[in-house]
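Novice: So I've got this file, model31.tsv, and it contains TSV, C-alpha atoms:
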```tsv
chain	number	residue	atom	x	y	z
A	2	ASP	CA	-9.88	13.77	-22.90
A	3	SER	CA	-8.89	10.71	-24.84
A	4	ASP	CA	-8.04	7.36	-23.39
A	5	GLU	CA	-4.65	6.11	-24.50
A	6	GLY	CA	-5.55	2.44	-24.44
A	7	SER	CA	-5.56	0.17	-27.40
A	8	GLU	CA	-9.21	0.91	-28.03
A	9	GLU	CA	-8.75	4.66	-28.46
A	10	LEU	CA	-12.03	5.37	-26.68
A	11	VAL	CA	-12.98	8.84	-25.64
A	12	LEU	CA	-14.43	8.69	-22.14
A	13	THR	CA	-16.58	11.36	-20.60
A	14	PRO	CA	-15.38	12.50	-17.19
A	15	ALA	CA	-18.26	10.59	-15.59
A	16	GLN	CA	-17.27	7.39	-17.35
A	17	LEU	CA	-13.64	7.96	-16.43
A	18	ILE	CA	-14.49	8.29	-12.75
A	19	ARG	CA	-16.65	5.21	-12.92
A	20	SER	CA	-13.75	3.29	-14.46
A	21	LEU	CA	-11.54	4.51	-11.65
A	22	GLU	CA	-14.05	3.41	-9.04
A	23	GLN	CA	-14.41	0.00	-10.67
A	24	ALA	CA	-10.65	-0.48	-10.76
A	25	TRP	CA	-10.45	0.70	-7.14
A	26	LEU	CA	-13.07	-1.73	-5.87
A	27	ASN	CA	-11.61	-4.63	-7.81
A	28	GLU	CA	-8.14	-3.91	-6.47
A	29	LYS	CA	-9.50	-3.56	-2.94
A	30	PHE	CA	-11.23	-6.91	-2.88
A	31	ALA	CA	-8.94	-9.04	-5.01
A	32	PRO	CA	-6.36	-11.05	-3.04
A	33	GLU	CA	-3.66	-10.59	-5.69
A	34	LEU	CA	-2.27	-7.57	-7.49
A	35	LEU	CA	-4.35	-6.83	-10.58
A	36	GLU	CA	-3.31	-5.44	-13.95
A	37	SER	CA	-2.03	-1.91	-13.80
A	38	LYS	CA	-4.25	0.72	-15.41
A	39	PRO	CA	-1.92	3.53	-16.41
A	40	GLU	CA	-4.39	5.06	-18.87
A	41	ILE	CA	-7.04	5.53	-16.21
A	42	ILE	CA	-4.58	6.99	-13.74
A	43	GLU	CA	-3.13	9.38	-16.29
A	44	CYS	CA	-6.56	10.61	-17.36
A	45	VAL	CA	-7.77	11.02	-13.79
A	46	VAL	CA	-4.70	13.07	-12.87
A	47	GLU	CA	-5.26	15.20	-15.93
A	48	GLN	CA	-8.91	15.59	-14.97
A	49	LEU	CA	-8.00	16.66	-11.43
A	50	ASP	CA	-5.52	19.24	-12.69
A	51	HIS	CA	-8.17	20.54	-15.05
A	52	MET	CA	-10.71	20.88	-12.25
A	53	GLU	CA	-8.20	22.59	-9.96
A	54	ALA	CA	-7.38	25.09	-12.69
A	55	ASN	CA	-11.07	25.81	-13.20
A	56	LEU	CA	-11.55	26.39	-9.51
A	57	LYS	CA	-8.73	28.89	-9.37
A	58	ARG	CA	-10.40	30.93	-12.06
A	59	ALA	CA	-13.88	30.78	-10.54
A	60	LYS	CA	-15.43	33.65	-8.60
A	61	LYS	CA	-14.81	33.46	-4.90
A	62	GLY	CA	-17.82	32.60	-2.82
A	63	ASP	CA	-19.59	30.97	-5.73
A	64	LEU	CA	-21.59	28.02	-4.48
A	65	LYS	CA	-20.35	25.82	-7.30
A	66	VAL	CA	-16.85	26.15	-5.92
A	67	SER	CA	-17.72	24.16	-2.82
A	68	VAL	CA	-19.36	21.41	-4.77
A	69	HIS	CA	-16.49	21.12	-7.22
A	70	ARG	CA	-13.99	21.23	-4.41
A	71	MET	CA	-15.77	18.33	-2.73
A	72	GLU	CA	-15.74	16.44	-5.98
A	73	ILE	CA	-12.01	16.94	-6.36
A	74	GLU	CA	-11.42	15.73	-2.83
A	75	ARG	CA	-13.49	12.63	-3.42
A	76	ILE	CA	-11.78	11.73	-6.66
A	77	ARG	CA	-8.38	12.32	-5.15
A	78	TYR	CA	-9.29	10.08	-2.26
A	79	VAL	CA	-10.32	7.23	-4.56
A	80	LEU	CA	-7.16	7.60	-6.63
A	81	SER	CA	-4.92	7.65	-3.55
A	82	SER	CA	-6.72	4.72	-2.01
A	83	TYR	CA	-6.37	2.75	-5.24
A	84	LEU	CA	-2.64	3.42	-5.54
A	85	ARG	CA	-2.08	2.77	-1.84
A	86	CYS	CA	-3.88	-0.55	-2.08
A	87	ARG	CA	-1.58	-1.56	-4.92
A	88	LEU	CA	1.53	-0.49	-3.03
A	89	VAL	CA	0.47	-2.53	-0.02
A	90	LYS	CA	0.07	-5.61	-2.18
A	91	ILE	CA	3.36	-4.98	-3.95
A	92	GLU	CA	5.17	-4.77	-0.63
A	93	LYS	CA	3.35	-7.74	0.81
A	94	PHE	CA	4.06	-10.08	-2.08
A	95	PHE	CA	7.17	-8.47	-3.47
A	96	PRO	CA	9.18	-11.52	-4.61
A	97	HIS	CA	6.13	-13.04	-6.31
A	98	VAL	CA	5.08	-9.82	-7.97
A	99	LEU	CA	8.55	-9.31	-9.40
A	100	GLU	CA	8.80	-12.91	-10.51
A	101	LYS	CA	5.44	-12.73	-12.26
A	102	GLU	CA	6.42	-9.57	-14.06
A	103	LYS	CA	9.79	-10.98	-15.13
A	104	SER	CA	8.24	-14.15	-16.52
A	105	ARG	CA	5.45	-12.33	-18.31
A	106	ALA	CA	4.90	-13.25	-21.94
A	107	GLU	CA	5.26	-10.62	-24.64
A	108	GLY	CA	1.61	-9.78	-25.29
A	109	GLU	CA	0.34	-10.19	-21.74
A	110	PRO	CA	-0.72	-7.06	-19.88
A	111	SER	CA	1.56	-5.85	-17.14
A	112	ILE	CA	0.59	-5.95	-13.48
A	113	LEU	CA	3.10	-3.25	-12.62
A	114	SER	CA	3.50	0.20	-14.03
A	115	PRO	CA	7.14	1.12	-14.77
A	116	GLU	CA	7.22	3.25	-11.63
A	117	GLU	CA	5.74	0.47	-9.53
A	118	PHE	CA	8.26	-1.94	-11.00
A	119	ALA	CA	11.11	0.37	-9.98
A	120	PHE	CA	9.60	0.71	-6.52
A	121	ALA	CA	9.23	-3.06	-6.16
A	122	LYS	CA	12.82	-3.68	-7.23
A	123	GLU	CA	14.12	-1.09	-4.81
A	124	TYR	CA	12.03	-2.55	-2.01
A	125	MET	CA	13.39	-6.01	-2.71
A	126	ALA	CA	17.00	-4.85	-2.93
A	127	ASN	CA	16.63	-2.80	0.22
A	128	THR	CA	15.16	-5.67	2.20
A	129	GLU	CA	17.63	-8.24	0.87
A	130	THR	CA	20.59	-6.02	1.71
A	131	TYR	CA	19.25	-5.39	5.17
A	132	LEU	CA	18.67	-9.06	5.98
A	133	LYS	CA	22.04	-9.98	4.58
A	134	ASN	CA	23.97	-7.38	6.54
A	135	VAL	CA	22.16	-7.81	9.81
A	136	ALA	CA	21.69	-11.55	9.95
A	137	LEU	CA	22.68	-13.70	7.05
A	138	LYS	CA	26.32	-12.81	6.76
A	139	HIS	CA	26.78	-13.65	10.44
A	140	MET	CA	25.39	-17.11	9.95
A	141	PRO	CA	27.32	-20.28	9.13
A	142	PRO	CA	28.40	-20.37	5.49
A	143	ASN	CA	25.82	-22.85	4.25
A	144	LEU	CA	22.93	-20.78	5.54
A	145	GLN	CA	23.84	-17.45	4.09
A	146	LYS	CA	21.42	-17.52	1.23
A	147	VAL	CA	17.68	-17.54	1.61
A	148	SER	CA	15.05	-17.68	-1.10
A	149	LEU	CA	12.61	-14.84	-0.54
A	150	LEU	CA	10.40	-16.36	-3.18
A	151	LYS	CA	9.90	-19.37	-0.96
A	152	SER	CA	9.82	-17.56	2.36
A	153	VAL	CA	7.39	-14.76	1.63
A	154	PRO	CA	3.79	-16.00	1.54
A	155	LYS	CA	1.88	-15.95	-1.75
A	156	PRO	CA	-1.50	-14.31	-2.15
A	157	ASN	CA	-4.34	-16.64	-1.27
A	158	LEU	CA	-6.21	-17.10	-4.51
A	159	ASP	CA	-8.71	-19.40	-2.86
A	160	SER	CA	-10.14	-16.66	-0.74
A	161	PHE	CA	-13.78	-15.87	-1.29
A	162	VAL	CA	-14.95	-12.68	-2.91
A	163	PHE	CA	-18.29	-11.03	-3.55
A	164	LEU	CA	-19.03	-10.05	-7.09
A	165	ARG	CA	-21.68	-8.61	-9.35
A	166	VAL	CA	-22.00	-9.91	-12.89
A	167	LEU	CA	-21.74	-7.27	-15.58
A	168	GLU	CA	-21.75	-9.50	-18.64
A	169	ARG	CA	-23.52	-12.81	-18.81
A	170	GLN	CA	-21.16	-15.78	-18.57
A	171	GLU	CA	-21.91	-19.38	-19.36
A	172	ASN	CA	-20.36	-22.62	-18.20
A	173	ILE	CA	-17.89	-21.36	-15.69
A	174	LEU	CA	-16.01	-24.31	-14.31
A	175	VAL	CA	-15.94	-24.46	-10.54
A	176	GLU	CA	-13.31	-26.73	-9.10
A	177	PRO	CA	-14.11	-28.87	-6.06
A	178	GLU	CA	-12.88	-27.72	-2.69
A	179	THR	CA	-12.82	-31.09	-1.03
A	180	ASP	CA	-12.26	-34.58	-2.29
A	181	GLU	CA	-15.89	-35.52	-1.88
A	182	GLN	CA	-17.13	-32.80	-4.20
A	183	ARG	CA	-16.95	-32.92	-7.95
A	184	GLU	CA	-16.37	-30.06	-10.28
A	185	TYR	CA	-19.44	-28.44	-11.76
A	186	THR	CA	-20.31	-25.60	-14.07
A	187	ILE	CA	-22.43	-22.58	-13.39
A	188	ASP	CA	-23.90	-19.82	-15.48
A	189	LEU	CA	-23.59	-16.25	-14.35
A	190	GLU	CA	-26.59	-14.09	-15.10
A	191	GLU	CA	-26.14	-10.41	-15.74
A	192	GLY	CA	-26.88	-8.37	-12.61
A	193	SER	CA	-26.70	-11.31	-10.24
A	194	GLN	CA	-24.44	-11.30	-7.20
A	195	HIS	CA	-22.31	-14.17	-5.96
A	196	LEU	CA	-19.87	-15.22	-3.28
A	197	ILE	CA	-17.24	-17.37	-4.93
A	198	ARG	CA	-13.59	-18.34	-4.75
A	199	TYR	CA	-11.38	-15.72	-6.38
A	200	LYS	CA	-9.40	-18.28	-8.39
A	201	THR	CA	-12.50	-19.38	-10.28
A	202	ILE	CA	-13.37	-15.96	-11.60
A	203	ALA	CA	-9.97	-14.27	-11.77
A	204	PRO	CA	-9.94	-14.01	-15.58
A	205	LEU	CA	-13.43	-12.51	-15.52
A	206	VAL	CA	-12.26	-9.71	-13.27
A	207	ALA	CA	-9.42	-8.97	-15.68
A	208	SER	CA	-11.76	-8.87	-18.66
A	209	GLY	CA	-14.29	-6.68	-16.89
A	210	ALA	CA	-17.09	-9.23	-17.06
A	211	VAL	CA	-17.60	-9.12	-13.30
A	212	GLN	CA	-17.16	-6.43	-10.68
A	213	LEU	CA	-15.89	-7.24	-7.17
A	214	ILE	CA	-17.93	-5.67	-4.40
B	19	ARG	CA	5.45	2.44	23.78
B	20	GLN	CA	5.35	-1.13	25.00
B	21	ALA	CA	5.77	-2.68	21.58
B	22	LEU	CA	9.04	-0.85	21.09
B	23	GLU	CA	10.32	-1.90	24.51
B	24	GLU	CA	9.54	-5.47	23.65
B	25	MET	CA	11.29	-5.07	20.33
B	26	ARG	CA	14.37	-3.85	22.11
B	27	ALA	CA	14.43	-6.77	24.53
B	28	LEU	CA	13.92	-9.23	21.73
B	29	TYR	CA	16.74	-7.60	19.83
B	30	GLU	CA	19.10	-8.50	22.66
B	31	ARG	CA	17.89	-12.06	22.69
B	32	ASN	CA	18.21	-12.06	18.96
B	33	GLN	CA	21.92	-11.50	19.22
B	34	ALA	CA	22.18	-14.59	21.39
B	35	ASP	CA	20.30	-16.58	18.76
B	36	VAL	CA	22.70	-15.59	16.04
B	37	SER	CA	25.70	-16.70	18.09
B	38	GLU	CA	24.02	-20.01	18.79
B	39	ALA	CA	23.46	-20.43	15.09
B	40	LYS	CA	27.17	-19.99	14.51
B	41	SER	CA	28.48	-22.19	17.30
B	42	GLY	CA	26.00	-24.99	16.64
B	43	ARG	CA	27.97	-25.91	13.57
B	44	THR	CA	31.03	-26.99	15.47
B	45	ASP	CA	29.35	-29.94	17.21
B	46	LEU	CA	29.84	-33.71	16.99
B	47	ILE	CA	29.40	-35.46	13.66
B	48	PHE	CA	26.58	-37.73	14.89
B	49	LEU	CA	24.38	-34.82	15.75
B	50	ILE	CA	24.89	-32.98	12.47
B	51	ARG	CA	21.43	-33.66	11.11
B	52	PHE	CA	19.73	-32.57	14.28
B	53	ARG	CA	21.89	-29.48	14.49
B	54	HIS	CA	21.10	-28.60	10.91
B	55	CYS	CA	17.38	-28.60	11.68
B	56	CYS	CA	18.00	-26.38	14.67
B	57	LEU	CA	20.05	-24.06	12.56
B	58	LEU	CA	17.35	-23.81	9.92
B	59	ARG	CA	14.77	-23.11	12.56
B	60	ASN	CA	16.95	-20.44	14.11
B	61	GLN	CA	17.52	-18.90	10.74
B	62	ARG	CA	13.78	-18.80	10.11
B	63	CYS	CA	13.10	-17.28	13.51
B	64	VAL	CA	15.75	-14.65	13.16
B	65	LEU	CA	14.61	-13.66	9.70
B	66	ALA	CA	10.97	-13.62	10.72
B	67	TYR	CA	11.75	-11.41	13.68
B	68	LEU	CA	13.84	-8.99	11.63
B	69	TYR	CA	11.32	-8.86	8.82
B	70	ASP	CA	8.51	-8.19	11.26
B	71	ARG	CA	10.45	-5.25	12.65
B	72	LEU	CA	10.90	-3.92	9.12
B	73	LEU	CA	7.15	-4.09	8.59
B	74	ARG	CA	6.56	-2.11	11.75
B	75	ILE	CA	9.12	0.46	10.68
B	76	ARG	CA	7.42	0.71	7.31
B	77	ALA	CA	4.15	1.37	9.11
B	78	LEU	CA	5.86	4.21	10.95
B	79	ARG	CA	6.54	6.00	7.69
B	80	TRP	CA	2.85	5.94	6.89
B	81	GLU	CA	1.79	6.95	10.37
B	82	TYR	CA	4.30	9.56	11.41
B	83	GLY	CA	5.64	10.88	8.15
B	84	SER	CA	9.19	11.10	6.95
B	85	VAL	CA	10.72	12.31	10.17
B	86	LEU	CA	10.62	9.84	12.99
B	87	PRO	CA	10.37	10.98	16.60
B	88	ASN	CA	13.63	10.56	18.46
B	89	THR	CA	12.27	8.07	20.95
B	90	ILE	CA	11.48	5.68	18.13
B	91	GLN	CA	14.77	6.19	16.32
B	92	PHE	CA	16.52	5.35	19.55
B	93	HIS	CA	15.06	1.86	19.38
B	94	MET	CA	16.19	1.23	15.84
B	95	SER	CA	19.51	-0.22	14.77
B	96	ALA	CA	21.68	1.69	12.32
B	97	GLU	CA	20.80	-0.71	9.54
B	98	GLU	CA	17.12	-0.26	10.23
B	99	VAL	CA	17.49	3.50	10.00
B	100	GLU	CA	19.25	2.99	6.68
B	101	TRP	CA	16.44	0.72	5.50
B	102	PHE	CA	13.92	3.33	6.55
B	103	ASN	CA	15.74	6.08	4.68
B	104	ARG	CA	15.96	4.02	1.54
B	105	TYR	CA	12.29	3.08	1.78
B	106	LYS	CA	11.35	6.70	2.32
B	107	LYS	CA	13.31	7.74	-0.75
B	108	SER	CA	11.87	4.98	-2.88
B	109	LEU	CA	8.35	5.89	-1.82
B	110	ALA	CA	8.96	9.58	-2.48
B	111	THR	CA	10.26	8.85	-5.97
B	112	TYR	CA	7.19	6.79	-6.72
B	113	MET	CA	4.75	9.38	-5.38
B	114	ARG	CA	6.41	12.10	-7.39
B	115	SER	CA	6.07	10.10	-10.55
B	116	VAL	CA	2.36	9.64	-10.18
B	117	GLY	CA	0.48	12.89	-9.95
B	118	GLY	CA	1.53	15.18	-12.73
B	119	GLU	CA	3.85	18.04	-11.84
B	120	GLU	CA	3.98	17.89	-8.10
B	121	GLY	CA	3.23	14.26	-7.61
B	122	LEU	CA	0.54	12.81	-5.43
B	123	ASP	CA	1.16	12.47	-1.71
B	124	LEU	CA	-0.31	9.08	-1.00
B	125	THR	CA	0.04	9.44	2.73
B	126	GLN	CA	-2.71	12.04	2.68
B	127	ASP	CA	-6.38	11.44	2.09
B	128	ILE	CA	-6.36	8.30	4.18
B	129	LYS	CA	-10.03	8.57	4.97
B	130	PRO	CA	-12.83	9.53	2.59
B	131	PRO	CA	-13.66	13.22	2.90
B	132	LYS	CA	-16.80	13.78	4.93
B	133	SER	CA	-17.14	17.51	4.79
B	134	LEU	CA	-15.54	20.51	3.22
B	135	TYR	CA	-14.81	22.42	6.37
B	136	ILE	CA	-13.52	21.03	9.60
B	137	GLU	CA	-13.21	22.22	13.13
B	138	VAL	CA	-9.58	22.42	14.23
B	139	ARG	CA	-7.77	23.42	17.36
B	140	CYS	CA	-4.36	24.95	17.20
B	141	LEU	CA	-1.77	23.07	19.24
B	142	LYS	CA	1.18	25.37	18.76
B	143	ASP	CA	1.76	28.96	17.88
B	144	TYR	CA	2.05	28.95	14.13
B	145	GLY	CA	1.48	32.51	13.09
B	146	GLU	CA	-0.48	33.72	10.13
B	147	PHE	CA	-2.18	31.38	7.77
B	148	GLU	CA	-3.80	32.41	4.54
B	149	ILE	CA	-6.79	30.66	3.09
B	150	ASP	CA	-8.18	30.72	-0.40
B	151	ASP	CA	-10.44	33.72	-0.26
B	152	GLY	CA	-7.57	35.90	0.85
B	153	THR	CA	-8.31	36.18	4.54
B	154	THR	CA	-5.54	35.41	6.96
B	155	ILE	CA	-6.05	33.61	10.21
B	156	LEU	CA	-3.79	33.93	13.18
B	157	LEU	CA	-3.01	30.48	14.50
B	158	LYS	CA	-2.34	30.86	18.16
B	159	LYS	CA	-2.06	28.02	20.60
B	160	ASN	CA	-5.45	26.74	21.77
B	161	SER	CA	-7.46	28.83	19.35
B	162	GLN	CA	-10.20	27.06	17.47
B	163	HIS	CA	-11.10	27.58	13.85
B	164	PHE	CA	-13.47	26.37	11.20
B	165	LEU	CA	-11.33	25.90	8.14
B	166	PRO	CA	-11.33	24.24	4.74
B	167	ARG	CA	-10.22	20.67	5.07
B	168	TRP	CA	-7.71	20.55	2.29
B	169	LYS	CA	-5.80	23.49	3.66
B	170	CYS	CA	-5.48	21.91	7.07
B	171	GLU	CA	-4.29	18.45	6.18
B	172	GLN	CA	-0.66	19.44	5.93
B	173	LEU	CA	-0.72	21.24	9.27
B	174	ILE	CA	-2.59	18.42	10.96
B	175	ARG	CA	0.14	16.03	9.89
B	176	GLN	CA	2.80	18.31	11.23
B	177	GLY	CA	1.04	18.44	14.55
B	178	VAL	CA	0.25	22.13	14.41
B	179	LEU	CA	-3.49	21.67	14.19
B	180	GLU	CA	-5.73	19.08	15.72
B	181	HIS	CA	-8.94	17.95	14.07
B	182	ILE	CA	-11.80	18.15	16.52
B	183	LEU	CA	-14.26	15.34	16.01
B	184	SER	CA	-17.54	16.10	17.68
```
Would it be possible to restate this file's structure as structure tokens?

Specialist:
Amino acid sequence: DSDEGSEELVLTPAQLIRSLEQAWLNEKFAPELLESKPEIIECVVEQLDHMEANLKRAKKGDLKVSVHRMEIERIRYVLSSYLRCRLVKIEKFFPHVLEKEKSRAEGEPSILSPEEFAFAKEYMANTETYLKNVALKHMPPNLQKVSLLKSVPKPNLDSFVFLRVLERQENILVEPETDEQREYTIDLEEGSQHLIRYKTIAPLVASGAVQLI
Amino acid sequence: RQALEEMRALYERNQADVSEAKSGRTDLIFLIRFRHCCLLRNQRCVLAYLYDRLLRIRALRWEYGSVLPNTIQFHMSAEEVEWFNRYKKSLATYMRSVGGEEGLDLTQDIKPPKSLYIEVRCLKDYGEFEIDDGTTILLKKNSQHFLPRWKCEQLIRQGVLEHILS
């Protein structure tokens, strides 16, 4: 199965599942919505269909069937959990997510798949219409508009996350938390684990240099 | 369902809030600034309350499925039911677009699979049920079976089977 990313890599099923698991864990522990990974999702779905088809052809009562079945269940769970996690974040931060996507520069990767984008827009329209019809239009004229962008809380990028370093990084700038501290730089050794503010290492998660745990 | 009762009572009070928001505007000129702050606060409270209800209703879709029990629907306003229906549709469209031909039902597989086969008890008379190796099982009320997990999930959601956790 070939990966339809810009690198045109061919991943083995094992590598594909590992990519899925990495994306899943990152998404789970990151406070904001991460880049969408349509290639991984597409390949995993294809893989699952493939495995299901194989199972249907296999001899009944064959021991391998149980093991493969379990494998399918596990992979499907990870995929569902990953997509659910994203949906939860989309719904939670919907005005910000849509704003970010709208103001995205040409070459920048998308945080929403086209389907997620449609879902987010529908969610926003649905909620806006509801609030308008139930409350806002009954309010005095100067209060009938409300900015959801300002009212809905933003993701907290200062929250702390655990990570494992996959590729050595040097001179990462850590900003001070309080006025008494000063900014300093740290080096991240491969294989080391850290507890650090998400904001500091956000680009490293995107590039795959660190893995959230 | 205490939470729903509370929601209903608050809904009544909510109506009072909205009227206050409207009538507050007609007060004396000297108090305009003060009134405006009150109005803004009321607006925030009303919106927060309504939005919180929406979040609970959203949670219902994930917990109960696409058909809500009547007791819950009774506590929802017409607009909330409409919101729920639109949300349901939007979610269904998204799920269909994800998993290949049939789509991927994201409301299943909520917990990681622990075993292949699970012990289930039948809650209602369902009739015959065929499993993969061709055998059929008669699902009668209160009968217990040891069945493949993936076959049961649908029926567990519908309330026909109950997963027995030992």

Novice: Which neighbours of Leu21 in chain A fall inside 9 Å, counting all atoms listed in the file, when residues of the same chain fewer than 2 positions from it are skipped, and could you give them as a ChimeraX atom specification?

Specialist: /A:16-19,23-26,41-42,45,76,79-80,83

Novice: Give me a file of those residues, with C-alpha atoms, as a PDB file, in the coordinates of the input.

Specialist:
```pdb
ATOM      1  CA  GLN A  16     -17.270   7.390 -17.350  1.00  0.00           C
ATOM      2  CA  LEU A  17     -13.640   7.960 -16.430  1.00  0.00           C
ATOM      3  CA  ILE A  18     -14.490   8.290 -12.750  1.00  0.00           C
ATOM      4  CA  ARG A  19     -16.650   5.210 -12.920  1.00  0.00           C
ATOM      5  CA  GLN A  23     -14.410   0.000 -10.670  1.00  0.00           C
ATOM      6  CA  ALA A  24     -10.650  -0.480 -10.760  1.00  0.00           C
ATOM      7  CA  TRP A  25     -10.450   0.700  -7.140  1.00  0.00           C
ATOM      8  CA  LEU A  26     -13.070  -1.730  -5.870  1.00  0.00           C
ATOM      9  CA  ILE A  41      -7.040   5.530 -16.210  1.00  0.00           C
ATOM     10  CA  ILE A  42      -4.580   6.990 -13.740  1.00  0.00           C
ATOM     11  CA  VAL A  45      -7.770  11.020 -13.790  1.00  0.00           C
ATOM     12  CA  ILE A  76     -11.780  11.730  -6.660  1.00  0.00           C
ATOM     13  CA  VAL A  79     -10.320   7.230  -4.560  1.00  0.00           C
ATOM     14  CA  LEU A  80      -7.160   7.600  -6.630  1.00  0.00           C
ATOM     15  CA  TYR A  83      -6.370   2.750  -5.240  1.00  0.00           C
TER      16      TYR A  83
END
```

Novice: Hey, could you make a per-residue contact list for range 43-79 of chain A against range 157-175 of chain B with 10 Å as the cut-off, showing the nearest pair of atoms and its distance in Å to one decimal, counting all atoms listed in the file, sorted by chain and number, as a tab-separated table?

Specialist:
```
residue	atom	partner	partner_atom	distance
A:Ser67	CA	B:Pro166	CA	9.9
A:Arg70	CA	B:Trp168	CA	9.2
A:Met71	CA	B:Trp168	CA	9.8
A:Glu74	CA	B:Trp168	CA	8.0
```

Novice: Just the number, please: distance in Å from CA of Trp80 in chain B to CA of Tyr105 in chain B, one decimal.

Specialist: 11.1 Å

Novice: Using only C-alpha atoms, find the one residue out of A:Ala59, A:Leu149, A:Ala15, A:Ala121 that sits nearest to Glu92 in chain A.

Specialist: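 With only C-alpha atoms as the atom set, the closest residue is A:Ala121.
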
Novice: List the neighbours of Phe30 in chain A out to 8 Å using all atoms listed in the file; skip same-chain residues closer than 4 positions along the sequence, and give me the result as a PyMOL selection string.

Specialist: chain A and resi 26+162+213-214

Novice: Excluding Ala54 in chain A and residues on its chain fewer than 4 positions from it, collect all residues at most 12 Å away from it, counting only C-alpha atoms, and give them as an MDAnalysis selection string.

Specialist: chainID A and resid 47:50 58:59 66 69:70 73

Novice: Listing only residues of chain A within 8 Å of chain B, what is the closest atom pair and its distance in Å (to one decimal) for each, using all atoms listed in the file, sorted by chain and residue number ascending, as JSON lines?

Specialist:
```
{"residue": "A:Val46", "atom": "CA", "partner": "B:Gly117", "partner_atom": "CA", "distance": 5.9}
{"residue": "A:Glu47", "atom": "CA", "partner": "B:Gly118", "partner_atom": "CA", "distance": 7.5}
{"residue": "A:Lys61", "atom": "CA", "partner": "B:Asp151", "partner_atom": "CA", "distance": 6.4}
{"residue": "A:Gly62", "atom": "CA", "partner": "B:Asp151", "partner_atom": "CA", "distance": 7.9}
{"residue": "A:Ser67", "atom": "CA", "partner": "B:Leu134", "partner_atom": "CA", "distance": 7.4}
{"residue": "A:Arg70", "atom": "CA", "partner": "B:Leu134", "partner_atom": "CA", "distance": 7.8}
{"residue": "A:Met71", "atom": "CA", "partner": "B:Leu134", "partner_atom": "CA", "distance": 6.3}
{"residue": "A:Glu74", "atom": "CA", "partner": "B:Pro131", "partner_atom": "CA", "distance": 6.6}
{"residue": "A:Arg75", "atom": "CA", "partner": "B:Pro131", "partner_atom": "CA", "distance": 6.3}
{"residue": "A:Arg77", "atom": "CA", "partner": "B:Asp127", "partner_atom": "CA", "distance": 7.6}
{"residue": "A:Tyr78", "atom": "CA", "partner": "B:Asp127", "partner_atom": "CA", "distance": 5.4}
{"residue": "A:Val79", "atom": "CA", "partner": "B:Pro130", "partner_atom": "CA", "distance": 7.9}
{"residue": "A:Ser81", "atom": "CA", "partner": "B:Leu124", "partner_atom": "CA", "distance": 5.5}
{"residue": "A:Ser82", "atom": "CA", "partner": "B:Ile128", "partner_atom": "CA", "distance": 7.2}
{"residue": "A:Leu84", "atom": "CA", "partner": "B:Leu124", "partner_atom": "CA", "distance": 7.6}
{"residue": "A:Arg85", "atom": "CA", "partner": "B:Leu124", "partner_atom": "CA", "distance": 6.6}
{"residue": "A:Glu116", "atom": "CA", "partner": "B:Tyr112", "partner_atom": "CA", "distance": 6.1}
{"residue": "A:Glu117", "atom": "CA", "partner": "B:Tyr112", "partner_atom": "CA", "distance": 7.1}
{"residue": "A:Phe120", "atom": "CA", "partner": "B:Ser108", "partner_atom": "CA", "distance": 6.1}
{"residue": "A:Glu123", "atom": "CA", "partner": "B:Ser108", "partner_atom": "CA", "distance": 6.8}
{"residue": "A:Tyr124", "atom": "CA", "partner": "B:Tyr105", "partner_atom": "CA", "distance": 6.8}
{"residue": "A:Asn127", "atom": "CA", "partner": "B:Trp101", "partner_atom": "CA", "distance": 6.3}
{"residue": "A:Thr128", "atom": "CA", "partner": "B:Trp101", "partner_atom": "CA", "distance": 7.3}
{"residue": "A:Tyr131", "atom": "CA", "partner": "B:Glu97", "partner_atom": "CA", "distance": 6.6}
{"residue": "A:Leu132", "atom": "CA", "partner": "B:Leu65", "partner_atom": "CA", "distance": 7.2}
{"residue": "A:Asn134", "atom": "CA", "partner": "B:Glu97", "partner_atom": "CA", "distance": 8.0}
{"residue": "A:Val135", "atom": "CA", "partner": "B:Glu97", "partner_atom": "CA", "distance": 7.2}
{"residue": "A:Ala136", "atom": "CA", "partner": "B:Val36", "partner_atom": "CA", "distance": 7.4}
{"residue": "A:His139", "atom": "CA", "partner": "B:Val36", "partner_atom": "CA", "distance": 7.2}
{"residue": "A:Met140", "atom": "CA", "partner": "B:Lys40", "partner_atom": "CA", "distance": 5.7}
{"residue": "A:Pro141", "atom": "CA", "partner": "B:Lys40", "partner_atom": "CA", "distance": 5.4}
{"residue": "A:Leu144", "atom": "CA", "partner": "B:Leu58", "partner_atom": "CA", "distance": 7.7}
```

Novice: To one decimal place in Å, what is the distance between CA of Gly83 in chain B and CA of Leu156 in chain B?

Specialist: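 For CA of Gly83 in chain B relative to CA of Leu156 in chain B, the distance reads 25.4 Å.
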
Novice: Just how far from CA of Glu33 in chain A is CA of Phe161 in chain A, in Å to one decimal?

Specialist: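 Taking CA of Phe161 in chain A as the start and CA of Glu33 in chain A as the end point, the length is 12.2 Å.
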
Novice: Residues near range 190-198 of chain A, anyone? I mean within 7 Å using all atoms listed in the file, not counting same-chain ones fewer than 4 positions away, as a ChimeraX atom specification.

Specialist: /A:159-170

Novice: Given all atoms listed in the file as the basis, pick out the residue of A:Cys44, A:Val68, A:Leu205, A:Leu34 nearest to Leu12 in chain A.

Specialist: A:Cys44
